[in-house]
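Shown next: protein-v9.cif, containing mmCIF, C-alpha atoms and all ligand atoms.
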data_final
loop_
_atom_site.label_atom_id
_atom_site.label_comp_id
_atom_site.auth_asym_id
_atom_site.auth_seq_id
_atom_site.Cartn_x
_atom_site.Cartn_y
_atom_site.Cartn_z
CA MET W 1 -108.96 53.98 15.64
CA ARG W 2 -107.07 54.89 18.82
CA ARG W 3 -104.66 52.82 20.86
CA LYS W 4 -105.83 51.02 23.99
CA ILE W 5 -103.18 51.64 26.62
CA VAL W 6 -102.69 50.16 30.07
CA ALA W 7 -99.94 52.08 31.85
CA GLY W 8 -98.51 51.24 35.27
CA ASN W 9 -97.30 53.95 37.64
CA TRP W 10 -95.00 52.37 40.21
CA LYS W 11 -94.57 55.71 42.03
CA MET W 12 -91.74 55.68 44.65
CA ASN W 13 -91.93 51.94 45.26
CA LEU W 14 -89.56 48.98 44.73
CA ASP W 15 -85.81 48.89 45.11
CA TYR W 16 -83.70 48.17 42.04
CA GLN W 17 -83.83 44.37 42.29
CA GLN W 18 -87.56 44.28 43.10
CA GLY W 19 -88.32 46.48 40.09
CA ILE W 20 -86.34 44.30 37.67
CA SER W 21 -87.99 41.18 38.98
CA LEU W 22 -91.52 42.68 38.73
CA PHE W 23 -90.90 43.92 35.18
CA SER W 24 -89.49 40.52 34.14
CA GLU W 25 -92.66 38.87 35.45
CA ILE W 26 -94.86 41.39 33.65
CA ILE W 27 -93.05 40.95 30.31
CA ASN W 28 -93.32 37.17 30.52
CA MET W 29 -97.01 37.31 31.36
CA VAL W 30 -98.08 39.98 28.83
CA LYS W 31 -95.90 39.22 25.84
CA ASP W 32 -98.50 36.99 24.22
CA GLU W 33 -101.48 38.99 25.49
CA VAL W 34 -101.02 42.39 23.85
CA ARG W 35 -102.00 42.58 20.23
CA GLY W 36 -103.48 44.86 17.59
CA ASP W 37 -104.06 48.37 18.87
CA GLN W 38 -103.19 47.45 22.48
CA HIS W 39 -100.15 48.84 24.27
CA VAL W 40 -98.62 48.37 27.73
CA VAL W 41 -96.43 51.02 29.37
CA VAL W 42 -94.61 50.68 32.69
CA CYS W 43 -93.59 53.97 34.33
CA SER W 44 -90.94 53.14 36.92
CA PRO W 45 -88.67 55.21 39.15
CA PHE W 46 -85.65 56.55 37.22
CA ILE W 47 -83.33 53.90 38.72
CA HIS W 48 -85.04 51.08 36.81
CA LEU W 49 -85.53 52.76 33.48
CA HIS W 50 -82.48 51.66 31.54
CA ALA W 51 -82.61 48.04 32.67
CA ILE W 52 -86.34 47.58 32.07
CA SER W 53 -86.08 49.32 28.70
CA GLN W 54 -83.48 46.70 27.74
CA LEU W 55 -85.85 43.93 28.87
CA ALA W 56 -88.65 45.46 26.77
CA LYS W 57 -86.58 45.32 23.57
CA GLY W 58 -88.15 42.98 21.05
CA HIS W 59 -91.63 43.61 22.50
CA PRO W 60 -92.99 46.41 20.32
CA ARG W 61 -96.23 46.73 22.29
CA VAL W 62 -94.51 47.07 25.66
CA SER W 63 -92.82 50.37 26.51
CA THR W 64 -91.27 52.09 29.48
CA GLY W 65 -91.71 55.58 30.85
CA ALA W 66 -90.58 57.96 33.57
CA GLN W 67 -92.89 59.56 36.13
CA ASN W 68 -91.47 63.05 35.78
CA CYS W 69 -88.75 65.10 34.11
CA TYR W 70 -87.48 68.62 34.68
CA ALA W 71 -88.60 71.82 32.94
CA GLU W 72 -85.09 72.80 31.74
CA ALA W 73 -82.96 71.05 29.14
CA ALA W 74 -79.70 70.73 31.13
CA GLY W 75 -77.52 72.49 33.66
CA ALA W 76 -77.11 73.21 37.35
CA TYR W 77 -80.31 71.68 38.69
CA THR W 78 -78.97 69.31 41.33
CA GLY W 79 -81.03 66.18 41.67
CA GLU W 80 -83.23 66.73 38.62
CA ILE W 81 -83.50 64.57 35.48
CA SER W 82 -84.02 66.04 32.01
CA ALA W 83 -86.30 64.72 29.29
CA ALA W 84 -83.26 63.99 27.10
CA GLN W 85 -81.72 61.93 29.93
CA VAL W 86 -84.95 59.93 30.17
CA THR W 87 -84.85 59.31 26.41
CA SER W 88 -81.24 58.11 26.68
CA THR W 89 -82.38 55.22 28.91
CA GLY W 90 -84.59 53.83 26.14
CA ALA W 91 -87.83 55.01 27.78
CA THR W 92 -90.40 56.56 25.44
CA TYR W 93 -93.11 57.93 27.77
CA VAL W 94 -93.27 60.31 30.71
CA ILE W 95 -96.12 60.98 33.13
CA LEU W 96 -96.63 64.73 33.58
CA GLY W 97 -99.19 66.64 35.63
CA HIS W 98 -99.87 63.81 38.09
CA SER W 99 -101.85 65.19 41.03
CA GLU W 100 -99.14 64.05 43.47
CA ARG W 101 -96.69 66.33 41.62
CA ARG W 102 -99.21 69.17 41.43
CA ILE W 103 -100.06 68.89 45.16
CA TYR W 104 -96.78 67.89 46.88
CA PHE W 105 -94.37 69.72 44.56
CA GLY W 106 -96.50 72.73 43.59
CA GLU W 107 -96.32 72.02 39.85
CA ASP W 108 -98.56 74.48 38.01
CA GLY W 109 -99.83 74.74 34.46
CA TYR W 110 -96.99 76.97 33.24
CA LEU W 111 -94.25 74.67 34.59
CA LEU W 112 -96.06 71.64 33.19
CA SER W 113 -96.35 73.21 29.73
CA LYS W 114 -92.54 73.67 29.73
CA LYS W 115 -92.07 70.04 30.74
CA VAL W 116 -94.47 68.92 28.00
CA ASP W 117 -92.53 70.93 25.39
CA LEU W 118 -89.16 69.50 26.44
CA ALA W 119 -90.53 65.96 26.65
CA LEU W 120 -91.88 66.20 23.09
CA LYS W 121 -88.63 67.77 21.86
CA SER W 122 -86.76 64.77 23.30
CA GLY W 123 -89.08 62.29 21.58
CA LEU W 124 -91.07 61.27 24.67
CA SER W 125 -94.85 60.86 24.63
CA PRO W 126 -96.30 62.64 27.68
CA ILE W 127 -99.09 60.91 29.60
CA PHE W 128 -100.66 64.15 30.81
CA CYS W 129 -102.91 63.85 33.87
CA VAL W 130 -105.90 66.01 34.73
CA GLY W 131 -108.50 65.62 37.45
CA GLU W 132 -110.47 67.38 40.15
CA THR W 133 -110.39 67.21 43.94
CA LEU W 134 -113.38 65.99 45.94
CA GLU W 135 -114.27 69.57 46.84
CA GLU W 136 -114.19 70.59 43.17
CA ARG W 137 -116.42 67.65 42.25
CA GLU W 138 -118.90 68.32 45.03
CA SER W 139 -119.13 72.00 44.08
CA ASP W 140 -119.68 71.09 40.41
CA GLN W 141 -116.48 72.80 39.30
CA TYR W 142 -114.89 69.74 37.77
CA PHE W 143 -115.44 70.59 34.12
CA ASP W 144 -113.92 74.05 34.61
CA VAL W 145 -110.93 72.63 36.50
CA ILE W 146 -110.21 70.05 33.82
CA ARG W 147 -110.63 72.60 31.01
CA GLN W 148 -108.13 74.90 32.76
CA GLN W 149 -105.62 72.06 33.25
CA LEU W 150 -105.83 71.18 29.55
CA GLU W 151 -105.53 74.81 28.45
CA ALA W 152 -102.54 75.51 30.67
CA GLY W 153 -100.66 72.25 30.09
CA VAL W 154 -101.23 71.00 26.54
CA PHE W 155 -103.57 73.14 24.45
CA HIS W 156 -100.72 75.45 23.40
CA LEU W 157 -99.42 72.59 21.21
CA SER W 158 -99.87 72.44 17.45
CA ASN W 159 -102.14 69.76 15.92
CA GLU W 160 -99.07 67.74 14.96
CA ALA W 161 -97.45 67.93 18.41
CA PHE W 162 -100.72 67.16 20.21
CA LYS W 163 -100.93 63.83 18.39
CA ASN W 164 -98.11 62.58 20.66
CA ILE W 165 -100.07 63.33 23.84
CA ILE W 166 -101.90 60.70 25.86
CA LEU W 167 -104.33 62.08 28.42
CA ALA W 168 -105.29 60.51 31.73
CA TYR W 169 -108.36 61.52 33.71
CA GLU W 170 -107.47 60.90 37.33
CA PRO W 171 -109.98 62.24 39.85
CA VAL W 172 -107.81 63.15 42.85
CA TRP W 173 -110.40 61.72 45.23
CA ALA W 174 -110.01 58.29 43.61
CA ILE W 175 -106.21 58.01 43.61
CA GLY W 176 -104.93 55.49 46.12
CA THR W 177 -108.15 55.78 48.13
CA GLY W 178 -110.00 52.66 47.01
CA LEU W 179 -112.78 54.97 45.74
CA THR W 180 -113.29 54.65 42.00
CA ALA W 181 -115.27 56.92 39.72
CA SER W 182 -118.28 54.97 38.49
CA PRO W 183 -118.11 54.05 34.80
CA GLN W 184 -120.79 56.73 34.18
CA GLN W 185 -118.90 59.43 36.10
CA ALA W 186 -115.69 58.58 34.27
CA GLN W 187 -117.38 58.38 30.85
CA GLU W 188 -119.01 61.79 31.41
CA VAL W 189 -115.59 63.40 31.97
CA HIS W 190 -113.87 61.44 29.18
CA ALA W 191 -116.55 62.58 26.70
CA PHE W 192 -116.10 66.15 27.95
CA ILE W 193 -112.31 65.92 27.42
CA ARG W 194 -112.80 64.58 23.89
CA ASN W 195 -115.21 67.43 23.10
CA GLU W 196 -112.68 69.95 24.40
CA ILE W 197 -110.02 68.46 22.11
CA ALA W 198 -112.41 68.60 19.15
CA ALA W 199 -113.28 72.23 19.93
CA HIS W 200 -109.63 73.22 20.30
CA TYR W 201 -108.19 71.13 17.46
CA ASN W 202 -110.65 69.14 15.36
CA GLN W 203 -112.71 65.93 15.48
CA GLU W 204 -110.00 63.84 13.85
CA VAL W 205 -107.46 64.77 16.53
CA ALA W 206 -110.09 64.17 19.24
CA ASP W 207 -110.98 60.75 17.84
CA SER W 208 -107.36 59.64 17.69
CA THR W 209 -106.32 60.76 21.21
CA SER W 210 -106.17 58.00 23.83
CA VAL W 211 -107.73 59.11 27.12
CA LEU W 212 -106.97 56.80 30.05
CA TYR W 213 -108.81 56.52 33.36
CA GLY W 214 -106.84 56.41 36.62
CA GLY W 215 -107.94 56.11 40.23
CA SER W 216 -108.11 52.83 42.17
CA CYS W 217 -108.54 50.85 38.96
CA ASN W 218 -108.25 47.09 39.59
CA PRO W 219 -109.09 43.79 37.85
CA GLY W 220 -112.63 43.95 39.29
CA ASN W 221 -113.65 47.39 38.03
CA ALA W 222 -111.51 47.65 34.87
CA PRO W 223 -113.93 45.72 32.58
CA ASP W 224 -116.82 48.16 33.21
CA LEU W 225 -114.60 51.21 33.00
CA PHE W 226 -112.81 50.10 29.83
CA SER W 227 -116.10 49.27 28.09
CA GLN W 228 -117.12 52.95 28.11
CA ALA W 229 -117.01 54.59 24.69
CA ASP W 230 -114.45 57.28 25.53
CA ILE W 231 -112.21 55.34 27.94
CA ASP W 232 -109.16 53.99 26.12
CA GLY W 233 -107.42 52.16 28.97
CA GLY W 234 -106.04 52.95 32.38
CA LEU W 235 -103.25 54.53 34.37
CA ILE W 236 -102.78 52.07 37.18
CA GLY W 237 -101.05 52.86 40.49
CA GLY W 238 -101.39 50.34 43.33
CA ALA W 239 -102.52 47.44 41.16
CA SER W 240 -99.47 47.83 38.88
CA LEU W 241 -97.23 46.66 41.72
CA LYS W 242 -98.70 43.15 41.58
CA SER W 243 -97.90 41.40 38.30
CA ARG W 244 -101.04 39.26 38.40
CA ASP W 245 -103.40 42.22 38.96
CA PHE W 246 -101.68 44.37 36.37
CA VAL W 247 -101.76 41.62 33.76
CA GLU W 248 -105.44 40.89 34.54
CA ILE W 249 -106.15 44.55 33.76
CA VAL W 250 -104.14 44.32 30.51
CA LYS W 251 -106.14 41.23 29.55
CA VAL W 252 -109.48 43.05 29.88
CA TYR W 253 -109.11 44.05 26.23
CA ASN W 254 -108.83 40.39 25.16
CA ALA W 255 -111.91 39.20 27.01
C1 LIG U 301 -102.07 56.91 39.98
O1 LIG U 301 -101.38 57.33 40.87
O2 LIG U 301 -101.84 57.27 38.81
C2 LIG U 301 -103.15 55.98 40.30
C3 LIG U 301 -104.12 55.83 39.43
O3 LIG U 301 -103.07 55.34 41.51
P1 LIG U 301 -104.07 54.21 42.09
O4 LIG U 301 -104.38 53.26 40.97
O5 LIG U 301 -103.30 53.57 43.19
O6 LIG U 301 -105.29 54.93 42.56
#

Please express the file's structure as structure tokens.
Ligand code: PEP
Amino acid sequence: MRRKIVAGNWKMNLDYQQGISLFSEIINMVKDEVRGDQHVVVCSPFIHLHAISQLAKGHPRVSTGAQNCYAEAAGAYTGEISAAQVTSTGATYVILGHSERRIYFGEDGYLLSKKVDLALKSGLSPIFCVGETLEERESDQYFDVIRQQLEAGVFHLSNEAFKNIILAYEPVWAIGTGLTASPQQAQEVHAFIRNEIAAHYNQEVADSTSVLYGGSCNPGNAPDLFSQADIDGGLIGGASLKSRDFVEIVKVYNA
């Protein structure tokens, strides 16, 4: 009913040559592994996007994406990259709302909603991230935080537009820390997110939205996480930098 997606987030890693070589390895290893409703997305730094998008041609279940784009369409914004520029590389996805952007670059809900609108207008599918800090989890505020992130970033969209959104639940305390949400903790939040979508849109939209888990996901914990009813794949940081680990995670859906 909904696509199973494993997306890699390379973050600010790999020079140009290293990125091309890693993507070439990934394509060779996954090309016969992804089938049916499965999809693989690699979100690289901007410098790799055009070349890896070329390498992905002919592999309809492998796509490329950016990790950010700017909240204006064009103009005097030195150093920024627009959604339309991302599209022109051949990439079809963009990560928005990642906690590293929210925390280090002060990106708030209003800015993110503008980015989401421009990304959709340029034909990109946003992978929109939500998630609570450790303090918010320990004080039982996590449902409220996630509801607010959804309301500010994506719930202004029409039913039709929302169908192009992929969500990622990424507890901030689990990103890059080696701590992973337990399958039960993750499932609880994923079910909550799906209920919020159903309440805001309808059950059909909720049932067709892919909601990925992210936060220290690796080949060891992916099988238990991905077997949860409302987890539709993963957004993978550290483990996406090693072709073998990333491909092992992709293969969880074939086991
Ligand atoms: C991420 O940054 O999206 C992420 C999930 O990172 P890691 O897998 O390294 O925790």

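When all atoms listed in the file are used to measure the gap to Glu151 in chain W, the shortest distance among W:Ile127, W:Leu112, W:Leu134, W:Ile231 belongs to W:Leu112.
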
Around ligand LIG 301 (chain U), at most 6 Å away and counting only C-alpha atoms and all ligand atoms, which residues are there? Put them as a PDB file with C-alpha atoms, in the frame of the given file, please.
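The result, stored in pocket37.pdb:
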ATOM      1  CA  ASN W   9     -97.300  53.950  37.640  1.00  0.00           C
ATOM      2  CA  ALA W 174    -110.010  58.290  43.610  1.00  0.00           C
ATOM      3  CA  ILE W 175    -106.210  58.010  43.610  1.00  0.00           C
ATOM      4  CA  GLY W 176    -104.930  55.490  46.120  1.00  0.00           C
ATOM      5  CA  GLY W 214    -106.840  56.410  36.620  1.00  0.00           C
ATOM      6  CA  GLY W 215    -107.940  56.110  40.230  1.00  0.00           C
ATOM      7  CA  SER W 216    -108.110  52.830  42.170  1.00  0.00           C
ATOM      8  CA  CYS W 217    -108.540  50.850  38.960  1.00  0.00           C
ATOM      9  CA  LEU W 235    -103.250  54.530  34.370  1.00  0.00           C
ATOM     10  CA  ILE W 236    -102.780  52.070  37.180  1.00  0.00           C
ATOM     11  CA  GLY W 237    -101.050  52.860  40.490  1.00  0.00           C
ATOM     12  CA  GLY W 238    -101.390  50.340  43.330  1.00  0.00           C
TER      13      GLY W 238
END

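For the pair CA of Ile249 in chain W and CA of Thr209 in chain W, the separation is 20.5 Å.
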
What is the CA of Arg147 in chain W-CA of Met1 in chain W distance in Å, reported with one decimal?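 About the pair CA of Arg147 in chain W and CA of Met1 in chain W: they are 24.2 Å apart.
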
Work out how far apart CA of Leu55 in chain W and CA of Ser24 in chain W are and give it in Å to one decimal.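 Going from CA of Leu55 in chain W over to CA of Ser24 in chain W, I get 7.3 Å.
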
For each of W:Lys11, W:Gln185, W:Thr78, W:Arg35, take the minimum atom-to-atom distance to Arg101 in chain W, counting only C-alpha atoms, then give the residue where this is smallest. W:Lys11

Smallest atom-to-atom distance to Val40 in chain W: which of W:Ala83, W:Ala186, W:Ile27, W:Ala199, using all atoms listed in the file?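 Smallest separation from Val40 in chain W among the options: W:Ile27.
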
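Of the listed residues (W:Asn159, W:Ser227, W:Ser243, W:Ser210), W:Ser243 comes nearest to Ile26 in chain W; the distances count only C-alpha atoms.
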
Which residue gives the smallest distance to Glu132 in chain W among W:Gly178, W:Gly97, W:Pro60, W:Pro171, with all atoms listed in the file counted?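 The shortest atom-to-atom distance to Glu132 in chain W comes from W:Pro171.
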
Select, from W:Tyr142, W:Trp10, W:Trp173, W:Phe23, the residue with the minimum atom-to-atom distance to Gln67 in chain W, counting all atoms listed in the file.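 Smallest distance to Gln67 in chain W is found for W:Trp10.
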
Please check which residues have atoms at most 7 Å from (-103.1, 58.1, 22.4) in the file's coordinates, counting only C-alpha atoms, and write them as a VMD selection string. chain W and resid 2 to 3 164 to 166 208 to 211

Within 12 Å of His156 in chain W, counting only C-alpha atoms, which residues show up once you throw out same-chain ones fewer than 3 positions away? Write them as a PDB file with C-alpha atoms, in the frame of the given file, please.
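Saved result, out-v8.pdb, follows:
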ATOM      1  CA  GLY W 109     -99.830  74.740  34.460  1.00  0.00           C
ATOM      2  CA  TYR W 110     -96.990  76.970  33.240  1.00  0.00           C
ATOM      3  CA  LEU W 112     -96.060  71.640  33.190  1.00  0.00           C
ATOM      4  CA  SER W 113     -96.350  73.210  29.730  1.00  0.00           C
ATOM      5  CA  LYS W 114     -92.540  73.670  29.730  1.00  0.00           C
ATOM      6  CA  VAL W 116     -94.470  68.920  28.000  1.00  0.00           C
ATOM      7  CA  ASP W 117     -92.530  70.930  25.390  1.00  0.00           C
ATOM      8  CA  GLN W 148    -108.130  74.900  32.760  1.00  0.00           C
ATOM      9  CA  GLN W 149    -105.620  72.060  33.250  1.00  0.00           C
ATOM     10  CA  LEU W 150    -105.830  71.180  29.550  1.00  0.00           C
ATOM     11  CA  GLU W 151    -105.530  74.810  28.450  1.00  0.00           C
ATOM     12  CA  ALA W 152    -102.540  75.510  30.670  1.00  0.00           C
ATOM     13  CA  GLY W 153    -100.660  72.250  30.090  1.00  0.00           C
ATOM     14  CA  ASN W 159    -102.140  69.760  15.920  1.00  0.00           C
ATOM     15  CA  GLU W 160     -99.070  67.740  14.960  1.00  0.00           C
ATOM     16  CA  ALA W 161     -97.450  67.930  18.410  1.00  0.00           C
ATOM     17  CA  PHE W 162    -100.720  67.160  20.210  1.00  0.00           C
ATOM     18  CA  ILE W 197    -110.020  68.460  22.110  1.00  0.00           C
ATOM     19  CA  HIS W 200    -109.630  73.220  20.300  1.00  0.00           C
ATOM     20  CA  TYR W 201    -108.190  71.130  17.460  1.00  0.00           C
TER      21      TYR W 201
END

Can you sort out the box for range 6-9 of chain W, edges along x, y and z, all listed atoms in, 6 Å on every side, with centre and edge lengths in Å to one decimal, as JSON?
{"center_x": -100.0, "center_y": 52.1, "center_z": 33.9, "size_x": 17.4, "size_y": 15.8, "size_z": 19.6}

Show which residues sit within 8 Å of Tyr213 in chain W, as a list in words. Count all atoms listed in the file, and ignore same-chain residues fewer than 5 positions away. Ala168, Tyr169, Glu170, Ala186, Leu225, Ile231, Asp232, Gly233, Gly234 and Leu235 of chain W

Just the residues within 10 Å of Ile52 in chain W, please, counting all atoms listed in the file, with nothing from its chain fewer than 3 positions along; format it as a count of residues only. 22

Is there a way to get, as a PyMOL selection string, all residues within 7 Å of the point (-93.5, 62.2, 33.9) in file coordinates, counting all atoms listed in the file? chain W and resi 66-69+94-96+126

What lies within 8 Å of Ile81 in chain W using all atoms listed in the file, ignoring chain neighbours under 4 positions off, as a list in words?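 So the residues in contact are Cys69, Tyr70, Gln85 and Val86 of chain W.
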